[in-house]
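Undergrad: Pasting entry-v8.cif below, which is mmCIF, C-alpha atoms and all ligand atoms.
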data_upload
loop_
_atom_site.label_atom_id
_atom_site.label_comp_id
_atom_site.auth_asym_id
_atom_site.auth_seq_id
_atom_site.Cartn_x
_atom_site.Cartn_y
_atom_site.Cartn_z
CA MET A 158 -55.32 -42.52 25.63
CA SER A 159 -52.15 -40.67 24.64
CA TYR A 160 -51.00 -38.63 21.68
CA PRO A 161 -47.74 -37.76 19.98
CA GLN A 162 -45.58 -35.04 21.45
CA ARG A 163 -43.52 -32.80 19.20
CA GLY A 164 -40.28 -31.10 20.10
CA ASP A 165 -41.34 -27.94 18.27
CA ARG A 166 -44.42 -27.50 20.38
CA THR A 167 -46.02 -24.06 20.18
CA PRO A 168 -47.24 -22.86 23.55
CA GLY A 169 -50.99 -22.65 23.70
CA LEU A 170 -51.96 -24.69 20.67
CA TRP A 171 -50.08 -27.30 18.69
CA SER A 172 -50.76 -30.13 16.32
CA ALA A 173 -49.22 -33.37 15.18
CA LEU A 174 -49.77 -35.67 12.26
CA ALA A 175 -49.25 -39.38 12.66
CA SER A 176 -50.34 -42.71 11.39
CA LYS A 177 -52.76 -44.13 13.92
CA ALA A 178 -50.52 -47.06 14.74
CA GLY A 179 -47.68 -44.81 15.88
CA ALA A 180 -49.81 -42.15 17.49
CA SER A 181 -50.22 -43.81 20.85
CA ALA A 182 -46.54 -44.50 21.51
CA GLU A 183 -45.71 -41.38 23.50
CA SER A 184 -47.24 -39.86 26.58
CA ALA A 185 -49.98 -37.27 26.45
CA SER A 186 -48.55 -33.77 26.37
CA GLY A 187 -51.64 -31.65 26.63
CA ASN A 188 -55.39 -31.53 26.43
CA LEU A 189 -57.09 -32.76 23.33
CA LEU A 190 -58.93 -29.98 21.44
CA GLY A 191 -59.87 -31.95 18.35
CA ARG A 192 -58.83 -34.56 15.83
CA ILE A 193 -59.20 -35.15 12.14
CA SER A 194 -59.05 -38.77 11.16
CA TYR A 195 -58.13 -39.39 7.49
CA ALA A 196 -59.67 -42.81 7.42
CA GLY A 197 -60.57 -45.78 5.23
CA GLU A 198 -64.30 -45.04 5.37
CA PRO A 199 -66.59 -42.09 6.13
CA ALA A 200 -68.14 -41.56 9.57
CA GLU A 201 -70.14 -38.93 11.42
CA PRO A 202 -68.18 -36.51 13.61
CA VAL A 203 -68.33 -37.52 17.27
CA LEU A 204 -67.07 -36.53 20.69
CA ALA A 205 -64.39 -39.09 21.60
CA ASP A 206 -61.98 -38.87 24.53
CA GLY A 207 -63.68 -35.58 25.45
CA ALA A 208 -63.09 -33.80 22.13
CA PRO A 209 -64.46 -33.65 18.58
CA ARG A 210 -63.24 -36.13 16.02
CA LEU A 211 -63.96 -35.42 12.36
CA THR A 212 -63.56 -38.41 10.08
CA ALA A 213 -62.96 -38.01 6.36
CA HIS A 214 -62.69 -40.91 3.94
CA MET A 215 -59.26 -40.16 2.50
CA ALA A 216 -57.32 -43.39 2.79
CA ALA A 217 -57.66 -46.69 0.96
CA LYS A 218 -59.21 -49.33 3.19
CA ASN A 219 -55.98 -51.31 3.61
CA LEU A 220 -53.80 -48.32 4.47
CA ALA A 221 -53.16 -46.90 7.96
CA THR A 222 -55.36 -44.03 9.07
CA THR A 223 -53.57 -40.71 9.39
CA GLU A 224 -54.66 -38.61 12.32
CA GLU A 225 -54.20 -34.88 12.80
CA VAL A 226 -54.29 -34.19 16.53
CA TRP A 227 -54.81 -30.69 17.96
CA GLN A 228 -53.84 -30.10 21.56
CA THR A 229 -53.80 -27.19 23.95
CA ASP A 230 -52.21 -26.43 27.31
CA ARG A 231 -55.52 -25.10 28.64
CA PRO A 232 -58.49 -26.99 30.05
CA VAL A 233 -60.95 -28.01 27.35
CA ARG A 234 -64.73 -28.03 27.40
CA SER A 235 -66.58 -29.87 24.65
CA GLY A 236 -70.17 -30.28 23.54
CA THR A 237 -72.62 -30.55 20.69
CA ALA A 238 -74.33 -27.81 18.70
CA GLY A 239 -77.09 -29.27 16.55
CA GLU A 240 -75.33 -31.86 14.40
CA ALA A 241 -71.90 -30.35 15.04
CA VAL A 242 -69.39 -31.21 17.76
CA PHE A 243 -67.05 -28.65 19.27
CA ALA A 244 -64.42 -28.03 21.93
CA GLU A 245 -63.07 -24.77 23.34
CA ASP A 246 -60.26 -23.79 25.69
CA GLY A 247 -60.99 -20.09 26.18
CA GLU A 248 -58.53 -19.15 23.39
CA HIS A 249 -59.37 -21.58 20.59
CA LEU A 250 -62.49 -23.27 19.25
CA PHE A 251 -62.53 -26.46 17.17
CA TYR A 252 -65.84 -27.21 15.43
CA ALA A 253 -66.63 -30.20 13.19
CA VAL A 254 -69.69 -31.15 11.16
CA ARG A 255 -70.54 -33.50 8.29
CA LEU A 256 -72.97 -32.98 5.44
CA GLY A 257 -74.06 -36.29 3.92
CA PRO A 258 -74.48 -36.77 0.15
CA GLN A 259 -76.91 -34.26 -1.40
CA PRO A 260 -78.38 -33.80 -4.88
CA THR A 261 -77.08 -30.22 -4.73
CA TYR A 262 -74.92 -28.65 -2.02
CA ARG A 263 -75.23 -24.87 -2.25
CA GLU A 264 -78.08 -24.26 0.23
CA ARG A 265 -76.98 -26.85 2.78
CA VAL A 266 -73.39 -25.59 2.65
CA ARG A 267 -74.59 -22.02 3.13
CA ASP A 268 -76.64 -23.08 6.19
CA LEU A 269 -73.80 -25.15 7.65
CA TYR A 270 -71.31 -22.32 7.19
CA GLU A 271 -73.68 -19.73 8.63
CA ASN A 272 -74.35 -21.95 11.64
CA ALA A 273 -70.64 -22.54 12.21
CA LEU A 274 -69.72 -18.87 11.85
CA GLU A 275 -72.58 -17.70 14.08
CA PHE A 276 -71.65 -20.30 16.69
CA THR A 277 -67.98 -19.37 16.80
CA TRP A 278 -68.83 -15.66 16.89
CA SER A 279 -71.38 -16.08 19.69
CA ARG A 280 -68.74 -17.73 21.91
CA GLY A 281 -66.23 -14.92 21.32
CA TYR A 282 -63.90 -16.81 18.95
CA THR A 283 -64.25 -14.09 16.38
CA ASP A 284 -61.08 -14.73 14.35
CA LEU A 285 -60.94 -17.63 11.90
CA VAL A 286 -57.61 -19.47 11.87
CA ARG A 287 -58.12 -22.41 9.53
CA ILE A 288 -60.96 -24.23 7.79
CA TRP A 289 -60.99 -27.75 6.32
CA ASN A 290 -63.41 -28.47 3.46
CA LEU A 291 -63.13 -32.16 2.63
CA ILE A 292 -65.37 -32.68 -0.37
CA GLY A 293 -66.52 -35.96 -1.91
CA GLU A 294 -66.67 -36.09 -5.74
CA ILE A 295 -65.10 -32.61 -5.73
CA THR A 296 -64.80 -32.35 -9.50
CA GLY A 297 -67.82 -34.57 -10.17
CA ARG A 298 -71.29 -33.24 -11.03
CA ASN A 299 -74.28 -32.59 -8.80
CA ALA A 300 -77.86 -33.57 -9.78
CA GLU A 301 -78.09 -30.39 -11.90
CA GLY A 302 -74.85 -31.05 -13.77
CA VAL A 303 -72.87 -28.38 -11.89
CA GLU A 304 -69.39 -29.27 -10.65
CA ILE A 305 -69.65 -30.07 -6.92
CA TYR A 306 -66.70 -27.80 -5.98
CA ARG A 307 -68.39 -24.87 -7.74
CA ASP A 308 -71.71 -25.74 -6.11
CA PHE A 309 -69.93 -25.82 -2.73
CA CYS A 310 -68.06 -22.54 -3.37
CA THR A 311 -71.34 -20.77 -4.13
CA GLY A 312 -72.93 -21.78 -0.82
CA ARG A 313 -69.79 -20.90 1.11
CA ALA A 314 -69.44 -17.50 -0.57
CA GLU A 315 -73.10 -16.72 0.17
CA ALA A 316 -72.56 -17.51 3.86
CA PHE A 317 -69.50 -15.26 4.06
CA ALA A 318 -71.40 -12.51 2.24
CA ALA A 319 -74.29 -12.79 4.71
CA LEU A 320 -71.87 -12.51 7.68
CA ALA A 321 -69.41 -10.06 6.13
CA ASP A 322 -69.92 -7.55 8.95
CA ARG A 323 -68.61 -10.10 11.46
CA PHE A 324 -66.10 -11.99 9.26
CA PRO A 325 -64.64 -9.41 6.86
CA ARG A 326 -61.42 -11.41 6.39
CA LEU A 327 -61.01 -14.98 5.13
CA SER A 328 -58.62 -17.47 6.72
CA ALA A 329 -56.38 -20.28 5.58
CA ALA A 330 -58.26 -23.32 4.32
CA THR A 331 -58.15 -26.58 2.45
CA GLY A 332 -60.67 -27.61 -0.20
CA ILE A 333 -59.74 -31.12 -1.28
CA GLY A 334 -61.37 -34.30 -2.53
CA THR A 335 -62.33 -37.34 -0.46
CA LEU A 336 -63.21 -40.89 -1.49
CA SER A 337 -66.94 -40.83 -0.61
CA PRO A 338 -69.79 -38.43 -1.38
CA GLY A 339 -70.65 -35.80 1.23
CA ILE A 340 -68.66 -32.96 2.79
CA ASP A 341 -66.71 -32.97 6.07
CA LEU A 342 -66.10 -29.51 7.51
CA CYS A 343 -63.91 -28.34 10.33
CA PHE A 344 -63.33 -24.83 11.70
CA LEU A 345 -60.53 -23.61 13.96
CA SER A 346 -60.99 -20.12 15.38
CA ALA A 347 -59.46 -17.95 18.10
CA LYS A 348 -60.24 -15.09 20.42
CA PRO A 349 -59.68 -11.67 18.80
CA GLY A 350 -56.40 -10.02 17.92
CA ARG A 351 -53.97 -12.82 17.14
CA THR A 352 -54.45 -13.58 13.44
CA THR A 353 -52.98 -12.14 10.24
CA HIS A 354 -54.15 -13.51 6.89
CA LEU A 355 -51.67 -13.67 4.02
CA GLU A 356 -51.87 -13.66 0.24
CA ASN A 357 -49.18 -14.78 -2.22
CA PRO A 358 -47.68 -12.27 -4.70
CA ARG A 359 -47.39 -15.10 -7.28
CA GLN A 360 -51.10 -15.89 -7.08
CA THR A 361 -54.36 -14.01 -7.57
CA PRO A 362 -56.24 -14.07 -4.25
CA ALA A 363 -58.59 -17.05 -4.57
CA TYR A 364 -61.57 -14.85 -3.66
CA GLN A 365 -60.75 -12.81 -6.80
CA TYR A 366 -60.46 -15.69 -9.27
CA PRO A 367 -62.26 -14.81 -12.53
CA SER A 368 -65.66 -16.36 -13.19
CA GLU A 369 -64.26 -18.95 -15.63
CA TYR A 370 -63.23 -20.81 -12.44
CA GLY A 371 -66.74 -20.73 -11.02
CA PRO A 372 -69.69 -18.39 -10.47
CA ARG A 373 -68.52 -17.61 -6.92
CA SER A 374 -64.82 -17.55 -6.11
CA PRO A 375 -63.34 -19.76 -3.39
CA SER A 376 -63.41 -18.09 0.05
CA PHE A 377 -59.98 -18.52 1.60
CA ALA A 378 -56.63 -16.81 2.23
CA ARG A 379 -53.29 -18.37 1.26
CA ALA A 380 -52.14 -18.61 4.88
CA THR A 381 -53.02 -17.46 8.39
CA PHE A 382 -50.47 -16.50 11.04
CA LEU A 383 -51.57 -17.06 14.63
CA ARG A 384 -49.49 -15.15 17.17
CA ASP A 385 -48.72 -16.62 20.57
CA GLN A 386 -46.54 -15.61 23.51
CA ASN A 387 -43.32 -16.67 21.71
CA ALA A 388 -43.83 -16.06 18.02
CA GLY A 389 -46.59 -18.00 16.37
CA SER A 390 -47.67 -20.56 13.82
CA LEU A 391 -48.16 -20.01 10.12
CA PHE A 392 -50.91 -22.21 8.72
CA VAL A 393 -50.37 -22.67 4.98
CA SER A 394 -53.51 -23.37 2.94
CA GLY A 395 -53.67 -26.11 0.38
CA THR A 396 -51.34 -24.79 -2.36
CA ALA A 397 -51.13 -25.94 -5.96
CA SER A 398 -49.40 -25.11 -9.22
CA ILE A 399 -51.39 -21.94 -9.85
CA LEU A 400 -49.73 -18.76 -11.11
CA GLY A 401 -52.00 -15.74 -11.20
CA ALA A 402 -55.32 -17.57 -11.45
CA ASP A 403 -54.23 -20.17 -13.98
CA THR A 404 -52.98 -23.73 -13.65
CA ALA A 405 -49.31 -23.97 -14.62
CA HIS A 406 -47.61 -27.11 -16.02
CA VAL A 407 -50.72 -28.95 -17.21
CA ASP A 408 -50.02 -32.70 -17.47
CA ASP A 409 -46.56 -32.30 -15.89
CA ILE A 410 -46.42 -33.78 -12.40
CA ALA A 411 -42.82 -32.81 -11.65
CA GLY A 412 -43.43 -29.28 -12.95
CA GLN A 413 -46.58 -28.90 -10.83
CA THR A 414 -44.87 -30.23 -7.72
CA LEU A 415 -41.92 -27.87 -8.09
CA GLU A 416 -44.16 -24.86 -8.84
CA THR A 417 -46.27 -25.66 -5.78
CA LEU A 418 -43.15 -25.76 -3.61
CA ARG A 419 -41.99 -22.43 -5.07
CA ASN A 420 -45.39 -20.93 -4.31
CA ILE A 421 -45.09 -22.06 -0.69
CA ASP A 422 -41.50 -20.81 -0.43
CA VAL A 423 -42.51 -17.30 -1.53
CA LEU A 424 -45.65 -17.34 0.63
CA VAL A 425 -43.78 -18.14 3.86
CA GLY A 426 -40.63 -16.10 3.10
CA SER A 427 -39.56 -13.04 5.08
CA GLU A 428 -40.44 -10.63 2.27
CA ASN A 429 -44.05 -11.80 2.10
CA LEU A 430 -44.43 -11.96 5.88
CA GLY A 431 -43.02 -8.43 6.15
CA ARG A 432 -45.43 -7.25 3.45
CA HIS A 433 -48.27 -8.45 5.67
CA GLY A 434 -46.83 -6.92 8.85
CA VAL A 435 -45.81 -10.23 10.41
CA ARG A 436 -42.54 -9.79 12.27
CA GLY A 437 -39.75 -12.35 12.23
CA ASP A 438 -37.20 -13.83 9.88
CA GLY A 439 -39.73 -15.69 7.81
CA TYR A 440 -39.46 -19.31 6.78
CA THR A 441 -38.55 -21.35 3.74
CA VAL A 442 -40.45 -24.28 2.26
CA ARG A 443 -38.05 -26.56 4.18
CA ASP A 444 -39.60 -25.35 7.43
CA LEU A 445 -43.02 -26.75 6.50
CA ASP A 446 -44.11 -29.42 8.97
CA GLN A 447 -47.23 -31.53 9.40
CA VAL A 448 -47.15 -31.60 5.63
CA LYS A 449 -50.07 -33.04 3.73
CA VAL A 450 -49.50 -33.90 0.08
CA TYR A 451 -52.53 -34.67 -2.06
CA VAL A 452 -51.88 -36.49 -5.34
CA ARG A 453 -54.63 -37.09 -7.86
CA ASP A 454 -53.14 -40.04 -9.75
CA SER A 455 -51.57 -42.90 -7.76
CA ALA A 456 -49.01 -43.39 -10.55
CA HIS A 457 -47.59 -39.94 -9.68
CA ILE A 458 -47.03 -40.57 -5.98
CA SER A 459 -43.46 -41.84 -6.30
CA THR A 460 -42.39 -38.79 -8.37
CA VAL A 461 -43.97 -36.44 -5.84
CA ARG A 462 -42.42 -38.34 -2.91
CA ASN A 463 -38.97 -38.13 -4.48
CA ILE A 464 -39.19 -34.37 -4.92
CA CYS A 465 -40.64 -33.83 -1.45
CA SER A 466 -37.99 -35.97 0.22
CA LEU A 467 -35.33 -33.66 -1.23
CA VAL A 468 -37.11 -30.53 -0.04
CA PHE A 469 -38.61 -31.24 3.37
CA SER A 470 -36.57 -31.88 6.48
CA PRO A 471 -36.22 -35.59 7.34
CA GLY A 472 -37.74 -34.76 10.74
CA SER A 473 -40.95 -33.33 9.24
CA GLU A 474 -44.19 -35.18 9.58
CA ILE A 475 -45.52 -35.81 6.09
CA ALA A 476 -48.58 -37.68 4.87
CA TYR A 477 -49.59 -38.54 1.30
CA PHE A 478 -53.16 -38.87 0.09
CA ASN A 479 -54.42 -40.19 -3.23
CA VAL A 480 -57.45 -37.92 -3.73
CA ASP A 481 -58.86 -35.50 -6.29
CA VAL A 482 -57.85 -31.84 -6.27
CA CYS A 483 -60.28 -28.92 -6.79
CA ARG A 484 -59.54 -28.41 -10.52
CA PRO A 485 -59.41 -31.33 -12.96
CA ASP A 486 -56.02 -30.15 -14.28
CA LEU A 487 -54.36 -29.89 -10.85
CA LEU A 488 -52.35 -33.03 -10.17
CA VAL A 489 -50.93 -32.21 -6.75
CA GLU A 490 -51.53 -29.94 -3.77
CA ILE A 491 -49.44 -29.38 -0.62
CA GLU A 492 -50.09 -27.73 2.75
CA GLY A 493 -48.58 -27.60 6.22
CA VAL A 494 -47.58 -25.51 9.20
CA CYS A 495 -44.45 -23.39 9.84
CA ARG A 496 -43.52 -22.79 13.46
C1 LIG A 501 -55.50 -25.20 -4.56
C2 LIG A 501 -56.37 -24.20 -4.43
O1 LIG A 501 -57.48 -24.22 -3.67
C3 LIG A 501 -57.82 -25.28 -2.80
C4 LIG A 501 -59.20 -25.01 -2.34
C5 LIG A 501 -59.46 -24.35 -1.16
C6 LIG A 501 -60.84 -24.01 -0.75
O2 LIG A 501 -61.73 -23.99 -1.61
O3 LIG A 501 -61.07 -23.76 0.45
C7 LIG A 501 -58.40 -24.00 -0.30
C8 LIG A 501 -57.13 -24.34 -0.61
C9 LIG A 501 -56.87 -25.37 -1.62
O4 LIG A 501 -57.08 -26.60 -0.97
C10 LIG A 501 -56.14 -22.92 -5.13
O5 LIG A 501 -57.15 -22.30 -5.52
O6 LIG A 501 -54.98 -22.51 -5.26
#
Represent the structure from my file as structure tokens, please.
Ligand SMILES: C=C(O[C@@H]1C=C(C(=O)O)C=C[C@H]1O)C(=O)O

TA:
Amino acid sequence: MSYPQRGDRTPGLWSALASKAGASAESASGNLLGRISYAGEPAEPVLADGAPRLTAHMAAKNLATTEEVWQTDRPVRSGTAGEAVFAEDGEHLFYAVRLGPQPTYRERVRDLYENALEFTWSRGYTDLVRIWNLIGEITGRNAEGVEIYRDFCTGRAEAFAALADRFPRLSAATGIGTLSPGIDLCFLSAKPGRTTHLENPRQTPAYQYPSEYGPRSPSFARATFLRDQNAGSLFVSGTASILGADTAHVDDIAGQTLETLRNIDVLVGSENLGRHGVRGDGYTVRDLDQVKVYVRDSAHISTVRNICSLVFSPGSEIAYFNVDVCRPDLLVEIEGVCR
């Protein structure tokens, strides 16, 4: 089995985003560390081709599956840990687990997060790089009438609070809707000393959002920079049209898309990187690659595509998803990687 090879490969660890049909065209360029399959139906995470594969139901049945492929230049060892699957290469750990539909999520999410964090810590991958939280019915209600995203955030925050001595800093993350109930989780972590976590001067840190947005704030940073022997990779969290803590441009898809892109531009720019002690010239929003664009309403996709096609480089990998976003008034969310 072979995977796409990118010209902008980062030594050590790199990723690619491709529709499944095109993903096998080129020769294998490294060792598979893990995959996320954005598929037409849900499935349990498995070990396939010697590495974890997380599957999230995020594509309509008739559309091609998008696959995010993580590779490394080091030998990989994989295995299972309870219901989770993992792979490690001595520098990076990829860990995937699924939580099926639940009446309420808080306690199970707390347990799953604690297990994942304890596992990654026990193997020496003490620094979180990026977390995926792919959440079915994200703005729907649980059996007690609480919004599922808020229910999820409470369990996650409790896990981080319980392990705050070991994980004092939060990493980049995504918290986005899927098309089936249940939660698919994926953790990428690294050996100590290579990560810097960034906030955005235009946005309140998510972990400080006021309680009107939920009893426990979301536990993530706006981006995480992972150093390597050349420079590094900047993993940009799911970013939306939020200024301070509030949604900007309610009911305005073009306005939200442009504000989101401005948020990313400031986040990845040299001034913000310098503020966080990351050396280098910084990036602009045009440098974002492996871009994922989440659009709530299918009728908005063409507007969002038009704006994105003007902003992103024609060579960038970009995938669109028609899924719910973590607040009912957010219409679009964008994330990616700068290298
Ligand atoms: C869009 C936002 O949050 C989303 C939710 C996240 C989470 O809960 O992990 C992470 C990034 C985004 O996908 C935001 O609060 O700005």

Undergrad: With a distance cut-off of 6 Å and all atoms listed in the file, select the neighbouring residues of range 485-490 of chain A, excluding the residue or stretch itself and same-chain residues fewer than 6 positions from it, and output the selection as a list of chain:residue names.

TA: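 The filter keeps A:Thr396, A:Ala397, A:Val450, A:Tyr451, A:Val452, A:Arg453.
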
Undergrad: Calculated over only C-alpha atoms and all ligand atoms, which of the candidates A:Asp230, A:Glu492, A:Asp385, A:Glu301 has the smallest distance to ligand LIG 501 (chain A)?

TA: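 Using only C-alpha atoms and all ligand atoms, ligand LIG 501 (chain A) sits closest to A:Glu492.
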
Undergrad: Just give me the gap between CA of Pro325 in chain A and CA of Val233 in chain A in Å, one decimal is fine.

TA: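 These two atoms are separated by 27.9 Å.
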
Undergrad: Hey, which residues come within 7 Å of ligand LIG 501 (chain A) if we count only C-alpha atoms and all ligand atoms? Could you give them as JSON, numbers by chain?

TA: {"A": [290, 310, 330, 331, 332, 333, 363, 375, 376, 377, 394, 395, 396, 397, 399, 483, 490]}

Undergrad: If I take CA of Pro367 in chain A and CA of Thr414 in chain A, how far is one from the other in Å, to one decimal?

TA: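 Computing the Euclidean distance for CA of Pro367 in chain A and CA of Thr414 in chain A yields 23.7 Å.
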
Undergrad: Which is closest to Leu211 in chain A among A:Cys343, A:Leu174, A:Ala405, A:Ala456, if we use all atoms listed in the file?

TA: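 Closest to Leu211 in chain A of all the choices is A:Cys343.
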
Undergrad: Restricting the calculation to only C-alpha atoms: of A:Leu391, A:Gln413, A:Thr460, A:Glu271, which residue gets closest to Thr441 in chain A?

TA: A:Leu391

Undergrad: Between CA of Gly312 in chain A and CA of Ala216 in chain A, what distance in Å does the model show, to one decimal?

TA: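 According to the coordinates, CA of Gly312 in chain A and CA of Ala216 in chain A are separated by 26.9 Å.
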
Undergrad: Would you please work out which residue, of A:Arg432, A:Arg280, A:Arg323, A:Arg307, is nearest to Gly247 in chain A when using only C-alpha atoms?

TA: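 Of all the options, A:Arg280 lies closest to Gly247 in chain A.
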
Undergrad: Rank A:Glu245, A:Asp268, A:Glu198, A:Asp403 by their smallest atom-to-atom distance to Ser346 in chain A, using all atoms listed in the file, and report the top residue only.

TA: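 Closest to Ser346 in chain A, using all atoms listed in the file: A:Glu245.
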
Undergrad: Rank A:Trp227, A:Phe317, A:Phe309, A:Phe243 by their smallest atom-to-atom distance to Thr277 in chain A, using all atoms listed in the file, and report the top residue only.

TA: A:Phe243

Undergrad: What's the 12 Å shell around Ser235 in chain A, counting only C-alpha atoms, without same-chain residues fewer than 4 positions away, as an mmCIF file with C-alpha atoms, keeping the file's coordinate frame?

TA:
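Ended up saving to around04.cif:
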data_model
loop_
_atom_site.group_PDB
_atom_site.id
_atom_site.type_symbol
_atom_site.label_atom_id
_atom_site.label_comp_id
_atom_site.auth_asym_id
_atom_site.auth_seq_id
_atom_site.Cartn_x
_atom_site.Cartn_y
_atom_site.Cartn_z
ATOM 1 C CA ASN A 188 -55.390 -31.530 26.430
ATOM 2 C CA LEU A 189 -57.090 -32.760 23.330
ATOM 3 C CA LEU A 190 -58.930 -29.980 21.440
ATOM 4 C CA GLY A 191 -59.870 -31.950 18.350
ATOM 5 C CA VAL A 203 -68.330 -37.520 17.270
ATOM 6 C CA LEU A 204 -67.070 -36.530 20.690
ATOM 7 C CA ALA A 205 -64.390 -39.090 21.600
ATOM 8 C CA ASP A 206 -61.980 -38.870 24.530
ATOM 9 C CA GLY A 207 -63.680 -35.580 25.450
ATOM 10 C CA ALA A 208 -63.090 -33.800 22.130
ATOM 11 C CA PRO A 209 -64.460 -33.650 18.580
ATOM 12 C CA ARG A 210 -63.240 -36.130 16.020
ATOM 13 C CA ALA A 241 -71.900 -30.350 15.040
ATOM 14 C CA VAL A 242 -69.390 -31.210 17.760
ATOM 15 C CA PHE A 243 -67.050 -28.650 19.270
ATOM 16 C CA ALA A 244 -64.420 -28.030 21.930
ATOM 17 C CA GLU A 245 -63.070 -24.770 23.340
ATOM 18 C CA ASP A 246 -60.260 -23.790 25.690
ATOM 19 C CA GLY A 247 -60.990 -20.090 26.180
ATOM 20 C CA HIS A 249 -59.370 -21.580 20.590
ATOM 21 C CA LEU A 250 -62.490 -23.270 19.250
ATOM 22 C CA PHE A 251 -62.530 -26.460 17.170
ATOM 23 C CA TYR A 252 -65.840 -27.210 15.430
ATOM 24 C CA ALA A 253 -66.630 -30.200 13.190
#
